[in-house]
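Visitor: The structure's right below; bear with me while I get my questions together.
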Amino acid sequence: MRADHASFACGAALGFLGDLATGDPRRGHPVAAFGRAAGAAERRLWRDHRGYGALHTALCAGGAAAGAALLTRAVRGLGGRRGAEVALTAAATWAVLGGTSLGREARAVGGALAAGDLEAARERLPHLCGRDPQALDGPQIARAVVESVAENTSDAVVGALVWGAVGGVPGLIGFRAVNTLDAMVGHKSPRYRRFGWAAARLDDVAGWPGARLTAALATLAGPDPRGAWRAWRRDGRRHPSPNAGPVEASFAGALGVRLGGTLAYGGRVEHRPVLNSGGRPVESADIERAIRLSRRVGVLALGVSIAARPVLRALTGRPRALERGGG
């Protein structure tokens, strides 16, 4: 095993375990700091124009990836750099992964539903997704949670690991920056319809490989592989999001539930296609099943990313000099 591959494998595994052990801190998280910086840049750059949105995306996402690349090169310039590289990769992996916090928030909503406390579930749901919770009943809240667990398994776990395998620490940081920008400005509100266009399209591109790997691993690791494959193949393209569709459809088929349908974001009602129409309605108990499936998918994605890294590095043709910090 080459030294670079060994450093990534050890660092990614340690960072993954760190996320399992601690989740996201309530204060001082690096992603929150990036969000504040991106918000400050938005206040200066915002115009109802795609060009200014593209500039904002390039400065924020490109700046984060470039900063990570410079830090990686500086660490590789240190004597006895193996331990420092492992530590940097571990810290970056921990910072960008959100699987444990995803499960924690989903369980909080599921616990409130199981206790019959619908108001508490409604109050907690915005911590997990952007739906309008007040008009939702218990099954609709449970469905929203399962859909969010599925989509965020790709966004907050698998996609980051895929780009880490491709680009190391800059890949990890760059992907999370793109995903965070999409969450901030990539939605179709009047303010962001044009300004957020570049962030949304870049997120679609960056999330494509992670979403397909998530769907494949959910199919393999779920309780009903045949149902997951059938729902993915039949319904994955029907979703308005090119990446959420395969992921949510495969989770729906794997769990034997029906996802999609009518939902509301920020006062805007959407009628989305039903995924896995032959499945049953989502129940509160399905939230825990979705969390367990998400966890299995994350562990498998870590293994796939570590195993595939040498192949991906060869395909991308990264120069050996760059791997060694330019020397």
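Labeling convention for the structure tokens: chains A, B, ... as they appear, residues from 1 per chain, ligands from 1 in order of appearance.
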So that I can see what lies close to A:Ala228, please list as number ranges by chain the residues with an atom at most 8 Å from it, counting only C-alpha atoms and leaving out residues fewer than 6 positions away in the same chain.
Guide: A: 218-219, 222, 249-255
Visitor: Counting only C-alpha atoms, which residues in stretch 245-310 of chain A sit no more than 12 Å from stretch 154-164 of chain A? For each one, give the nearest pair of atoms and the distance in Å, sorted by chain then residue number, as JSON lines.
Guide:
{"residue": "A:Gly245", "atom": "CA", "partner": "A:Ser154", "partner_atom": "CA", "distance": 11.2}
{"residue": "A:Pro246", "atom": "CA", "partner": "A:Ser154", "partner_atom": "CA", "distance": 10.3}
{"residue": "A:Val247", "atom": "CA", "partner": "A:Ser154", "partner_atom": "CA", "distance": 7.4}
{"residue": "A:Glu248", "atom": "CA", "partner": "A:Ser154", "partner_atom": "CA", "distance": 9.9}
{"residue": "A:Ser250", "atom": "CA", "partner": "A:Ser154", "partner_atom": "CA", "distance": 11.9}
{"residue": "A:Phe251", "atom": "CA", "partner": "A:Ser154", "partner_atom": "CA", "distance": 11.4}
{"residue": "A:Ser294", "atom": "CA", "partner": "A:Ser154", "partner_atom": "CA", "distance": 9.0}
{"residue": "A:Arg295", "atom": "CA", "partner": "A:Val157", "partner_atom": "CA", "distance": 9.5}
{"residue": "A:Arg296", "atom": "CA", "partner": "A:Val158", "partner_atom": "CA", "distance": 11.1}
{"residue": "A:Val297", "atom": "CA", "partner": "A:Val158", "partner_atom": "CA", "distance": 7.9}
{"residue": "A:Gly298", "atom": "CA", "partner": "A:Val158", "partner_atom": "CA", "distance": 6.2}
{"residue": "A:Val299", "atom": "CA", "partner": "A:Val158", "partner_atom": "CA", "distance": 9.2}
{"residue": "A:Leu300", "atom": "CA", "partner": "A:Val158", "partner_atom": "CA", "distance": 9.1}
{"residue": "A:Ala301", "atom": "CA", "partner": "A:Val158", "partner_atom": "CA", "distance": 5.8}
{"residue": "A:Leu302", "atom": "CA", "partner": "A:Leu161", "partner_atom": "CA", "distance": 6.5}
{"residue": "A:Gly303", "atom": "CA", "partner": "A:Leu161", "partner_atom": "CA", "distance": 9.6}
{"residue": "A:Val304", "atom": "CA", "partner": "A:Val162", "partner_atom": "CA", "distance": 8.5}
{"residue": "A:Ser305", "atom": "CA", "partner": "A:Val162", "partner_atom": "CA", "distance": 5.8}
{"residue": "A:Ile306", "atom": "CA", "partner": "A:Leu161", "partner_atom": "CA", "distance": 8.7}
{"residue": "A:Ala307", "atom": "CA", "partner": "A:Val162", "partner_atom": "CA", "distance": 10.9}
{"residue": "A:Ala308", "atom": "CA", "partner": "A:Val162", "partner_atom": "CA", "distance": 9.0}
{"residue": "A:Arg309", "atom": "CA", "partner": "A:Gly164", "partner_atom": "CA", "distance": 8.5}
{"residue": "A:Pro310", "atom": "CA", "partner": "A:Gly164", "partner_atom": "CA", "distance": 11.9}
Visitor: Write out as a ChimeraX atom specification all residues of stretch 15-225 of chain A that backbone DSSP assigns to helix (DSSP H, G or I).
Guide: /A:15-22,30-45,50-76,81-96,99-114,118-127,138-185,197-221,225
Visitor: Quick one: residues within 9 Å of A:Ala68, only C-alpha atoms, excluding same-chain residues fewer than 3 positions away - as number ranges by chain?
Guide: A: 63-65, 71-73, 169-174
Visitor: Considering only C-alpha atoms, state which residue in the set A:Val149, A:Ala200, A:Val86, A:Ala69 is at the smallest distance from A:Arg104.
Guide: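 Closest candidate: A:Val149.
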Visitor: Find, counting only C-alpha atoms, the residue in A:Asp204, A:Asp182, A:Glu119, A:Asp24 that gets nearest to A:Val96.
Guide: A:Asp24
Visitor: Which of these residues is nearest to A:Ala87, using only C-alpha atoms: A:Gly18, A:Arg131, A:Gly35, A:Gly28?
Guide: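 Of the candidates, the smallest distance to A:Ala87 is held by A:Gly18.
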Visitor: Hey, what's within 7 Å of A:Ile287 if we count only C-alpha atoms and toss same-chain stuff fewer than 5 positions away? As a list in words, please?
Guide: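 The residues satisfying every condition are Ala106, Gly110, Ala142, Val145 and Val146 of chain A.
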Visitor: Using only C-alpha atoms, determine which residues lie at most 12 Å from A:Leu45, disregarding the query and same-chain residues fewer than 2 positions distant; provide the list as a ChimeraX atom specification.
Guide: /A:38-43,47-60,195-196
Visitor: Give me the residues near A:Leu128 as number ranges by chain, where near means some atom within 10 Å (using only C-alpha atoms) and where sequence neighbours in that chain fewer than 2 positions away do not count.
Guide: A: 101-106, 108-109, 124-126, 130-131, 144-145, 148-149, 152
Visitor: Using only C-alpha atoms, please write the residues we just selected to a file, as a PDB file, in the first residue's frame.
Guide:
ATOM      1  CA  SER A 101     -25.928  14.207  13.876  1.00  0.00           C
ATOM      2  CA  LEU A 102     -28.341  13.176  11.108  1.00  0.00           C
ATOM      3  CA  GLY A 103     -29.319  10.083  13.074  1.00  0.00           C
ATOM      4  CA  ARG A 104     -29.569  12.057  16.303  1.00  0.00           C
ATOM      5  CA  GLU A 105     -31.978  14.608  14.854  1.00  0.00           C
ATOM      6  CA  ALA A 106     -34.047  11.926  13.122  1.00  0.00           C
ATOM      7  CA  ALA A 108     -35.459  13.071  18.216  1.00  0.00           C
ATOM      8  CA  VAL A 109     -38.391  13.495  15.833  1.00  0.00           C
ATOM      9  CA  ARG A 124     -37.988  19.465  15.967  1.00  0.00           C
ATOM     10  CA  LEU A 125     -38.486  18.781  12.249  1.00  0.00           C
ATOM     11  CA  PRO A 126     -36.889  22.057  11.013  1.00  0.00           C
ATOM     12  CA  GLY A 130     -36.801  22.715   5.418  1.00  0.00           C
ATOM     13  CA  ARG A 131     -40.406  21.497   5.281  1.00  0.00           C
ATOM     14  CA  ALA A 144     -40.318  13.722   5.757  1.00  0.00           C
ATOM     15  CA  VAL A 145     -37.784  12.315   8.219  1.00  0.00           C
ATOM     16  CA  SER A 148     -34.306  13.505   4.771  1.00  0.00           C
ATOM     17  CA  VAL A 149     -32.312  10.600   6.192  1.00  0.00           C
ATOM     18  CA  ASN A 152     -28.584  13.375   3.653  1.00  0.00           C
TER      19      ASN A 152
END
Visitor: Can you work out which one of A:Ala61, A:Val31, A:Ala12, A:Val282 has the shortest atom-to-atom distance to A:Leu88, counting only C-alpha atoms?
Guide: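 Smallest distance to A:Leu88 is found for A:Ala12.
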Visitor: Quick one: of A:Cys129, A:Arg26, A:Ala32, A:Leu293, who's nearest to A:Glu147, counting only C-alpha atoms?
Guide: A:Cys129
